[in-house]
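Before any comments, here is the structure.
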Amino acid sequence: MNKFRIPLTITLLVAALAWIWSSRIPVDSSPSPLIEAAQVGYLAPDFKLSSLNSQEINLIDLNGKPVIINFWASWCPPCKAEMAAFQQAFLEYAESDLQIIAINATSQDSLSDVSRFIYQNGVTIPIPLDQTGSVSRAYLVHSLPTTYFIDKTGVIAEIIIGGPIPLALLRVQANQLLTD
Amino acid sequence: MFPVFNIGPLSVPAPAFILIIGFLLGSYLLEKKASSYSVDSEILDRALWIGTLSTLLGARLSYIAGSPASFKGNLISLISLNPALLDPVAGFVIGISAVMLIISRQKTMYWKFLDSFTPFIGSLLPAYYLSRFASGTAYGLPTDLPWGIYLWGAARHPVQIYLTISAIILLTIILIYTPSRNLPSGSTFLLFSAASSSFLLFFTAFQEPTIFLIAGIRIEMIIFWIILFVALFLLNSRIQSTIPEVNDEAKK
């Protein structure tokens, strides 16, 4: 067996190199996020929703600006716990291009509870209402809270499932989105 | 994709859950198989836990060091349970360094130690691949094969499933394999490293590319090839260096 050891090793290494070479990707076929999907590296699915104050929010209107989208509900403890951090970030980055919106999963929530929570906690972030659940489905929201970080080109840069998200993490992500 | 397990009111992120299961299984196997490699299981246990704590602490400290201004006026974030506030690469390096420090202090034989740690790594790897499948990351290239998984607008190679199956096969071999007396210490670890990097190198070709090197060659594949080369080189060197010892013992 010993006399075959070195030739076997060399054969394996050469075969591996041949595999690397044969499986190379043509340079002109760089991955392009042409389709919408709730996945890092893909275009964020577009949506048009009305907010609590009847203002219409359309994602495509925010094109060219980084966006943080938080999905939440008033019955969800971690959602409520992290809302203060989102509100603080919203105020801190008000002068920048960064947009923060908190989509309420209204199909699983009650409008009166949402209004009460927002009023009691002084939340001024735009709150689009996903009354049919279609946006939550498009974003594959299986758990609340879920937060999407979308860059200036409309591509999803990061997804964080669960919470509460601390303010420091929001600041790090926001700064990255603004500098990229 | 199974990002969360909804157990009653609890939403448990599936990737983290799978990794914890892999870790627990690994630590159990580490202790169980320690005697096969003639290593004190207490030292292994201590190294594992100190390594784990160092990894977590190092990952958090490194993340903070990367953007200290973000924590200004918000010190509570320092102890947040959110795993997104971790720097995994730095944590890994710090954890490994801590483990190496323990080995040198205990004067345990370096190669034997690595051998005895192989079942732990062997059970962590399938958990890691499966957790990536659960989180929907590192998906494959489009395929016409019947087992392709429809994801992001196309039927795709379930690369993480390929890797999980290969890692489970390797783990099974480790569990039923008894280290040969004719092989030098370190062989189990080096063979495992060579096999794992070979599988990774092979299956990465079916993965949606993320980073390119010159001429479209994936950088990950080059890294796996280097690991394969180093593992085989060290294995051959160790076998070569022990042949005279084995022959001497045979003469006696």
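By convention in this document, the chains of the structure tokens carry letters A, B, ... by their order, each chain's residues are numbered from 1, and ligands are numbered from 1 in the order they are shown.
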
Would you write out, as a Markdown table, a table of all residues in chain B that have an atom no more than 7 Å from an atom of chain A, listing for each the closest atom pair and the distance in Å to one decimal, considering only C-alpha atoms and ordering rows by chain and rising residue number?
```
| residue | atom | partner | partner_atom | distance |
| --- | --- | --- | --- | --- |
| B:Val4 | CA | A:Ser143 | CA | 6.7 |
| B:Ser11 | CA | A:Ser143 | CA | 6.6 |
| B:Ser67 | CA | A:Val172 | CA | 6.8 |
| B:Ser70 | CA | A:Ala168 | CA | 4.8 |
| B:Phe71 | CA | A:Ala168 | CA | 5.0 |
| B:Asn74 | CA | A:Ala168 | CA | 6.9 |
| B:Ser77 | CA | A:Pro166 | CA | 5.4 |
| B:Ser80 | CA | A:Pro166 | CA | 6.8 |
| B:Asn82 | CA | A:Ile165 | CA | 6.7 |
| B:Leu85 | CA | A:Leu169 | CA | 6.5 |
| B:Trp152 | CA | A:Ala37 | CA | 6.0 |
| B:Ala205 | CA | A:Ser23 | CA | 5.7 |
| B:Ala215 | CA | A:Val27 | CA | 6.2 |
| B:Gly216 | CA | A:Ile25 | CA | 4.6 |
| B:Ile217 | CA | A:Arg24 | CA | 4.6 |
| B:Arg218 | CA | A:Arg24 | CA | 6.8 |
| B:Met221 | CA | A:Ile20 | CA | 6.6 |
| B:Phe229 | CA | A:Leu13 | CA | 6.9 |
| B:Leu232 | CA | A:Thr9 | CA | 6.8 |
```

- Between CA of Ala102 (chain A) and CA of Ile68 (chain A) - distance in Å to one decimal: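 Taking CA of Ile68 (chain A) as the start and CA of Ala102 (chain A) as the end point, the length is 8.2 Å.
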
Which parts of region 31-170 of chain A does DSSP call strand (DSSP E) when run on the backbone here, written out as a short mmCIF file (atom, residue, chain, number, x, y, z; two decimals) with C-alpha atoms, in the first residue's frame?
```cif
data_model
loop_
_atom_site.label_atom_id
_atom_site.label_comp_id
_atom_site.auth_asym_id
_atom_site.auth_seq_id
_atom_site.Cartn_x
_atom_site.Cartn_y
_atom_site.Cartn_z
CA LYS A 48 -48.08 49.08 -1.95
CA LEU A 49 -49.77 49.45 1.44
CA SER A 50 -51.75 52.05 3.28
CA GLU A 56 -49.85 55.14 0.76
CA ILE A 57 -46.42 53.55 0.97
CA ASN A 58 -44.95 52.00 -2.17
CA VAL A 67 -34.63 50.74 3.50
CA ILE A 68 -35.12 48.82 6.73
CA ILE A 69 -38.41 46.91 6.82
CA ASN A 70 -39.54 45.46 10.13
CA PHE A 71 -42.53 43.09 10.27
CA TRP A 72 -44.29 43.20 13.63
CA GLN A 99 -35.91 54.82 5.37
CA ILE A 100 -37.30 52.77 8.23
CA ILE A 101 -40.78 51.32 7.99
CA ALA A 102 -42.52 48.90 10.33
CA ILE A 103 -45.11 46.81 8.49
CA ASN A 104 -47.79 45.63 10.84
CA THR A 146 -38.53 39.67 10.95
CA THR A 147 -36.41 42.51 9.61
CA TYR A 148 -35.11 43.10 6.09
CA PHE A 149 -32.21 45.41 5.28
CA ILE A 150 -32.42 46.60 1.69
CA ILE A 156 -31.84 42.57 0.15
CA ALA A 157 -28.54 42.83 2.01
CA GLU A 158 -29.47 41.12 5.28
CA ILE A 159 -32.40 39.39 6.97
CA ILE A 160 -32.75 39.05 10.72
CA ILE A 161 -35.41 36.65 11.96
#
```

- Task: Write out as a PyMOL selection string all residues of region 4-211 of chain B that backbone DSSP assigns to helix (DSSP H, G or I).
- Result: chain B and resi 14-37+41-66+68-71+75-79+83-85+88-106+110-135+159-176+187-204

- Message: I'd like the neighbourhood of region 169-173 of chain B as a ChimeraX atom specification, where a residue qualifies if any of its atoms comes within 12 Å (using only C-alpha atoms), though same-chain residues fewer than 3 positions away should be ignored.
- Response: /B:22,25-26,29,118-127,162-166,176-179,188-189,191-199

- Task: Find the distance between CA of Ala154 (chain B) and CA of Phe203 (chain B) and write it in Å to one decimal.
- Result: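 For CA of Ala154 (chain B) relative to CA of Phe203 (chain B), the distance reads 18.7 Å.
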
- Message: What's around Arg46 (chain B) at 12 Å? Count only C-alpha atoms, leave out sequence neighbours fewer than 3 positions away in its own chain, and write the answer as a list in words.
- Response: Ser27, Leu30, Glu31, Asp40, Ser41, Glu42, Ile43, Trp49, Ile50, Gly51, Thr52, Leu53, Ser54, Ala98, Val99, Met100, Leu101, Ile102, Ile103 and Gln106 of chain B

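Residues within 7 Å of Lys152 (chain A), counting only C-alpha atoms and excluding same-chain residues fewer than 3 positions away, are Asn63, Gly64, Lys65 and Pro66 of chain A.
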
Hey, can you spit out that residue selection with C-alpha atoms as a PDB file, in the first residue's frame?
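The result, written out as again09.pdb:
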```pdb
ATOM      1  CA  ASN A  63     -35.750  53.254  -4.931  1.00  0.00           C
ATOM      2  CA  GLY A  64     -32.261  54.707  -4.593  1.00  0.00           C
ATOM      3  CA  LYS A  65     -32.532  54.836  -0.798  1.00  0.00           C
ATOM      4  CA  PRO A  66     -31.585  52.131   1.705  1.00  0.00           C
TER       5      PRO A  66
END
```
